[in-house]
>>> print(open('final-v4.csv').read())   # CSV, N, CA and C atoms
chain,number,residue,atom,x,y,z
A,1,MET,N,135.3,72.7,26.0
A,1,MET,CA,134.4,73.5,26.8
A,1,MET,C,134.8,73.5,28.3
A,2,PHE,N,135.3,72.5,28.8
A,2,PHE,CA,135.8,72.5,30.2
A,2,PHE,C,137.3,72.8,30.2
A,3,ILE,N,137.6,73.9,30.8
A,3,ILE,CA,139.0,74.4,30.8
A,3,ILE,C,140.0,73.5,31.5
A,4,ARG,N,139.6,72.9,32.6
A,4,ARG,CA,140.5,72.0,33.3
A,4,ARG,C,140.2,70.5,33.0
A,5,GLU,N,139.7,70.2,31.9
A,5,GLU,CA,139.4,68.9,31.5
A,5,GLU,C,138.7,68.0,32.6
A,6,ARG,N,139.3,67.0,33.1
A,6,ARG,CA,138.7,66.1,34.1
A,6,ARG,C,138.4,66.8,35.4
A,7,ALA,N,139.3,67.6,35.8
A,7,ALA,CA,139.1,68.4,37.1
A,7,ALA,C,137.9,69.3,36.9
A,8,GLY,N,137.8,70.0,35.8
A,8,GLY,CA,136.6,70.9,35.5
A,8,GLY,C,135.3,70.1,35.4
A,9,ILE,N,135.4,68.9,34.8
A,9,ILE,CA,134.1,68.1,34.7
A,9,ILE,C,133.7,67.6,36.1
A,10,ALA,N,134.7,67.2,36.9
A,10,ALA,CA,134.4,66.8,38.3
A,10,ALA,C,133.8,67.9,39.1
A,11,ALA,N,134.4,69.1,39.0
A,11,ALA,CA,133.9,70.3,39.7
A,11,ALA,C,132.4,70.6,39.3
A,12,PHE,N,132.2,70.5,38.0
A,12,PHE,CA,130.8,70.8,37.5
A,12,PHE,C,129.8,69.8,38.0
A,13,GLU,N,130.2,68.5,38.0
A,13,GLU,CA,129.3,67.4,38.5
A,13,GLU,C,129.1,67.6,40.0
A,14,GLY,N,130.1,68.1,40.7
A,14,GLY,CA,129.9,68.4,42.1
A,14,GLY,C,128.8,69.5,42.3
A,15,LEU,N,128.9,70.6,41.5
A,15,LEU,CA,127.9,71.7,41.6
A,15,LEU,C,126.5,71.2,41.2
A,16,VAL,N,126.4,70.3,40.2
A,16,VAL,CA,125.1,69.8,39.9
A,16,VAL,C,124.5,69.0,41.0
A,17,GLU,N,125.3,68.1,41.6
A,17,GLU,CA,124.9,67.3,42.8
A,17,GLU,C,124.5,68.2,44.0
A,18,GLN,N,125.2,69.2,44.2
A,18,GLN,CA,124.9,70.1,45.3
A,18,GLN,C,123.5,70.8,45.0
A,19,GLY,N,123.3,71.2,43.8
A,19,GLY,CA,122.0,71.7,43.4
A,19,GLY,C,120.9,70.8,43.7
A,20,ARG,N,121.1,69.5,43.4
A,20,ARG,CA,120.1,68.5,43.6
A,20,ARG,C,119.8,68.4,45.1
A,21,LYS,N,120.8,68.3,45.9
A,21,LYS,CA,120.7,68.2,47.4
A,21,LYS,C,119.9,69.4,48.0
A,22,ASP,N,120.2,70.6,47.5
A,22,ASP,CA,119.6,71.8,48.0
A,22,ASP,C,118.2,72.0,47.4
A,23,ASN,N,117.7,71.1,46.5
A,23,ASN,CA,116.4,71.3,45.8
A,23,ASN,C,116.3,72.6,45.1
A,24,VAL,N,117.3,73.0,44.4
A,24,VAL,CA,117.3,74.3,43.7
A,24,VAL,C,116.1,74.4,42.7
A,25,LEU,N,115.8,73.4,42.0
A,25,LEU,CA,114.7,73.5,41.0
A,25,LEU,C,113.4,73.6,41.7
A,26,GLY,N,113.2,73.0,42.8
A,26,GLY,CA,112.0,73.2,43.6
A,26,GLY,C,111.9,74.6,44.1
A,27,ARG,N,113.0,75.1,44.6
A,27,ARG,CA,113.0,76.5,45.1
A,27,ARG,C,112.7,77.5,44.1
A,28,LEU,N,113.3,77.2,42.9
A,28,LEU,CA,113.0,78.1,41.7
A,28,LEU,C,111.6,78.1,41.3
A,29,ALA,N,111.0,76.9,41.3
A,29,ALA,CA,109.6,76.8,41.0
A,29,ALA,C,108.7,77.6,42.0
A,30,HIS,N,109.1,77.5,43.2
A,30,HIS,CA,108.3,78.2,44.3
A,30,HIS,C,108.4,79.7,44.1
A,31,LEU,N,109.7,80.2,43.7
A,31,LEU,CA,109.9,81.6,43.5
A,31,LEU,C,109.1,82.1,42.3
A,32,GLU,N,109.1,81.3,41.2
A,32,GLU,CA,108.3,81.7,40.0
A,32,GLU,C,106.8,81.7,40.4
A,33,GLN,N,106.3,80.8,41.1
A,33,GLN,CA,104.9,80.8,41.5
A,33,GLN,C,104.6,82.1,42.3
A,34,ARG,N,105.5,82.5,43.1
A,34,ARG,CA,105.2,83.6,44.0
A,34,ARG,C,105.4,85.0,43.3
A,35,TYR,N,106.4,85.1,42.4
A,35,TYR,CA,106.7,86.4,41.8
A,35,TYR,C,106.4,86.5,40.3
A,36,ARG,N,105.9,85.5,39.7
A,36,ARG,CA,105.4,85.6,38.3
A,36,ARG,C,103.9,85.8,38.4
A,37,LEU,N,103.5,87.0,37.9
A,37,LEU,CA,102.1,87.4,38.0
A,37,LEU,C,101.4,87.4,36.7
A,38,LYS,N,100.1,87.4,36.7
A,38,LYS,CA,99.3,87.5,35.4
A,38,LYS,C,98.4,88.7,35.6
A,39,CYS,N,98.4,89.5,34.6
A,39,CYS,CA,97.5,90.7,34.5
A,39,CYS,C,96.0,90.2,34.4
A,40,PRO,N,95.2,90.7,35.3
A,40,PRO,CA,93.8,90.4,35.2
A,40,PRO,C,93.0,91.0,34.1
A,41,GLU,N,93.6,92.0,33.5
A,41,GLU,CA,93.0,92.7,32.3
A,41,GLU,C,93.3,92.1,31.0
A,42,CYS,N,94.7,92.0,30.7
A,42,CYS,CA,95.1,91.6,29.4
A,42,CYS,C,95.6,90.2,29.4
A,43,GLY,N,95.9,89.6,30.5
A,43,GLY,CA,96.3,88.2,30.6
A,43,GLY,C,97.8,88.0,30.4
A,44,LYS,N,98.6,89.2,30.3
A,44,LYS,CA,100.0,89.1,30.1
A,44,LYS,C,100.7,88.6,31.4
A,45,SER,N,101.6,87.7,31.2
A,45,SER,CA,102.4,87.2,32.4
A,45,SER,C,103.6,88.1,32.5
A,46,PHE,N,104.0,88.5,33.8
A,46,PHE,CA,105.1,89.3,34.0
A,46,PHE,C,105.7,89.1,35.4
A,47,TRP,N,106.9,89.5,35.6
A,47,TRP,CA,107.6,89.3,36.9
A,47,TRP,C,107.3,90.5,37.8
A,48,ALA,N,107.0,90.3,39.1
A,48,ALA,CA,106.8,91.3,40.0
A,48,ALA,C,108.2,92.1,40.3
A,49,MET,N,108.2,93.4,40.0
A,49,MET,CA,109.4,94.2,40.2
A,49,MET,C,109.0,95.4,41.0
A,50,PRO,N,109.9,95.9,41.8
A,50,PRO,CA,109.6,97.1,42.6
A,50,PRO,C,109.0,98.3,41.8
A,51,GLU,N,109.5,98.5,40.6
A,51,GLU,CA,109.0,99.7,39.8
A,51,GLU,C,107.6,99.5,39.4
A,52,LEU,N,107.1,98.3,39.4
A,52,LEU,CA,105.7,98.1,39.0
A,52,LEU,C,104.7,98.1,40.2
A,53,LEU,N,105.2,98.3,41.4
A,53,LEU,CA,104.4,98.3,42.6
A,53,LEU,C,103.4,99.5,42.6
A,54,ARG,N,102.2,99.2,42.9
A,54,ARG,CA,101.2,100.3,42.8
A,54,ARG,C,100.6,100.4,44.2
A,55,THR,N,100.5,101.7,44.7
A,55,THR,CA,100.0,102.0,46.0
A,55,THR,C,98.8,102.9,45.9
A,56,LYS,N,97.9,102.9,47.0
A,56,LYS,CA,96.8,103.8,47.0
A,56,LYS,C,97.3,105.2,47.3
A,57,PRO,N,96.7,106.2,46.6
A,57,PRO,CA,97.2,107.5,46.7
A,57,PRO,C,97.2,108.1,48.1
A,58,ILE,N,96.2,108.0,48.8
A,58,ILE,CA,96.1,108.6,50.1
A,58,ILE,C,96.8,107.8,51.2
A,59,THR,N,96.4,106.6,51.3
A,59,THR,CA,96.9,105.7,52.4
A,59,THR,C,98.3,105.2,52.2
A,60,GLY,N,98.7,105.0,50.9
A,60,GLY,CA,100.0,104.4,50.6
A,60,GLY,C,100.0,102.9,50.7
A,61,LYS,N,98.9,102.3,51.0
A,61,LYS,CA,98.7,100.9,51.1
A,61,LYS,C,99.0,100.2,49.7
A,62,VAL,N,99.7,99.1,49.7
A,62,VAL,CA,100.0,98.4,48.4
A,62,VAL,C,98.7,97.8,47.9
A,63,GLU,N,98.5,98.1,46.6
A,63,GLU,CA,97.3,97.5,45.9
A,63,GLU,C,97.8,96.2,45.2
A,64,GLY,N,98.9,96.3,44.6
A,64,GLY,CA,99.4,95.1,43.8
A,64,GLY,C,100.5,95.6,42.8
A,65,TYR,N,100.7,94.9,41.7
A,65,TYR,CA,101.6,95.2,40.7
A,65,TYR,C,100.9,95.6,39.4
A,66,ARG,N,101.2,96.7,38.8
A,66,ARG,CA,100.6,97.1,37.6
A,66,ARG,C,101.2,96.4,36.4
A,67,CYS,N,100.4,96.2,35.4
A,67,CYS,CA,100.8,95.5,34.2
A,67,CYS,C,101.9,96.3,33.5
A,68,PRO,N,103.0,95.8,33.0
A,68,PRO,CA,104.0,96.6,32.3
A,68,PRO,C,103.6,97.0,30.9
A,69,GLU,N,102.5,96.4,30.4
A,69,GLU,CA,102.1,96.9,29.0
A,69,GLU,C,101.6,98.3,29.1
A,70,SER,N,102.0,99.1,28.2
A,70,SER,CA,101.7,100.6,28.2
A,70,SER,C,100.2,100.8,28.0
A,71,HIS,N,99.6,100.0,27.2
A,71,HIS,CA,98.1,100.2,27.0
A,71,HIS,C,97.2,99.6,28.0
A,72,CYS,N,97.7,98.9,28.9
A,72,CYS,CA,96.9,98.2,29.9
A,72,CYS,C,96.9,98.9,31.2
A,73,ARG,N,95.8,98.9,31.9
A,73,ARG,CA,95.6,99.5,33.2
A,73,ARG,C,95.4,98.5,34.3
A,74,GLY,N,95.6,97.2,34.0
A,74,GLY,CA,95.4,96.2,35.0
A,74,GLY,C,96.4,96.2,36.1
A,75,VAL,N,95.9,95.7,37.3
A,75,VAL,CA,96.8,95.6,38.5
A,75,VAL,C,96.6,94.2,39.0
A,76,ALA,N,97.7,93.5,39.1
A,76,ALA,CA,97.6,92.1,39.7
A,76,ALA,C,97.7,92.2,41.2
A,77,PRO,N,96.7,91.8,41.9
A,77,PRO,CA,96.8,91.9,43.4
A,77,PRO,C,97.9,91.0,44.0
A,78,ILE,N,98.3,91.4,45.2
A,78,ILE,CA,99.3,90.6,45.9
A,78,ILE,C,98.5,89.6,46.8
A,79,GLU,N,98.8,88.4,46.6
A,79,GLU,CA,98.0,87.3,47.3
A,79,GLU,C,98.7,87.0,48.6
A,80,GLU,N,97.9,86.8,49.6
A,80,GLU,CA,98.4,86.4,50.9
A,80,GLU,C,99.1,85.1,50.9
A,81,GLN,N,100.3,85.0,51.4
A,81,GLN,CA,101.1,83.8,51.5
A,81,GLN,C,100.8,83.1,52.8
A,82,SER,N,100.4,81.8,52.6
A,82,SER,CA,100.1,81.0,53.8
A,82,SER,C,101.3,80.2,54.4
>>> encode(input="final-v4.csv", output="structure tokens")
Amino acid sequence: MFIRERAGIAAFEGLVEQGRKDNVLGRLAHLEQRYRLKCPECGKSFWAMPELLRTKPITGKVEGYRCPESHCRGVAPIEEQS
């Protein structure tokens, strides 16, 4: 599995240790909390993506992200980040 045997294993361990130092898992959890939304209508969980952004017709103000389910008309609001 490791192409360079011991050297590859050592390099991989170094990457894992760097990830621990940088708190990668904590940062990923924060990103998921911020960008993983739940539809208020059907309860489906989905990722916030630009193509799902919904704006008000006249003002262009962002309302939130629409549910990706074709039969659902729910819009998950964008919550203020503190």
>>> atom_distance(input="final-v4.csv", atom1="CA of Leu53 (chain A)", atom2="atom N of Pro40 (chain A)")
14.0 Å
>>> atom_distance(input="final-v4.csv", atom1="CA of Gly43 (chain A)", atom2="CA of Glu63 (chain A)")
17.9 Å
>>> atom_distance(input="final-v4.csv", atom1="atom N of Glu79 (chain A)", atom2="CA of Val24 (chain A)")
23.4 Å
>>> select_by_dssp(input="final-v4.csv", residues="region 1-55 of chain A", states="alpha helix (DSSP H)", output="list in words")
Glu5, Arg6, Ala7, Gly8, Ile9, Ala10, Ala11, Phe12, Glu13, Gly14, Leu15, Val16, Glu17, Gln18, Gly19, Arg20, Lys21, Val24, Leu25, Gly26, Arg27, Leu28, Ala29, His30, Leu31, Glu32, Gln33, Arg34 and Tyr35 of chain A
>>> residues_around(input="final-v4.csv", residues="Ala48 (chain A)", least_positions_apart="3", cutoff="6.5 Å", atoms="all atoms listed in the file", output="mmCIF file with N, CA and C atoms, in the frame of the given file")
data_model
loop_
_atom_site.group_PDB
_atom_site.id
_atom_site.type_symbol
_atom_site.label_atom_id
_atom_site.label_comp_id
_atom_site.auth_asym_id
_atom_site.auth_seq_id
_atom_site.Cartn_x
_atom_site.Cartn_y
_atom_site.Cartn_z
ATOM 1 N N TYR A 35 106.400 85.100 42.400
ATOM 2 C CA TYR A 35 106.700 86.400 41.800
ATOM 3 C C TYR A 35 106.400 86.500 40.300
ATOM 4 N N ARG A 36 105.900 85.500 39.700
ATOM 5 C CA ARG A 36 105.400 85.600 38.300
ATOM 6 C C ARG A 36 103.900 85.800 38.400
ATOM 7 N N LEU A 37 103.500 87.000 37.900
ATOM 8 C CA LEU A 37 102.100 87.400 38.000
ATOM 9 C C LEU A 37 101.400 87.400 36.700
ATOM 10 N N LEU A 52 107.100 98.300 39.400
ATOM 11 C CA LEU A 52 105.700 98.100 39.000
ATOM 12 C C LEU A 52 104.700 98.100 40.200
#
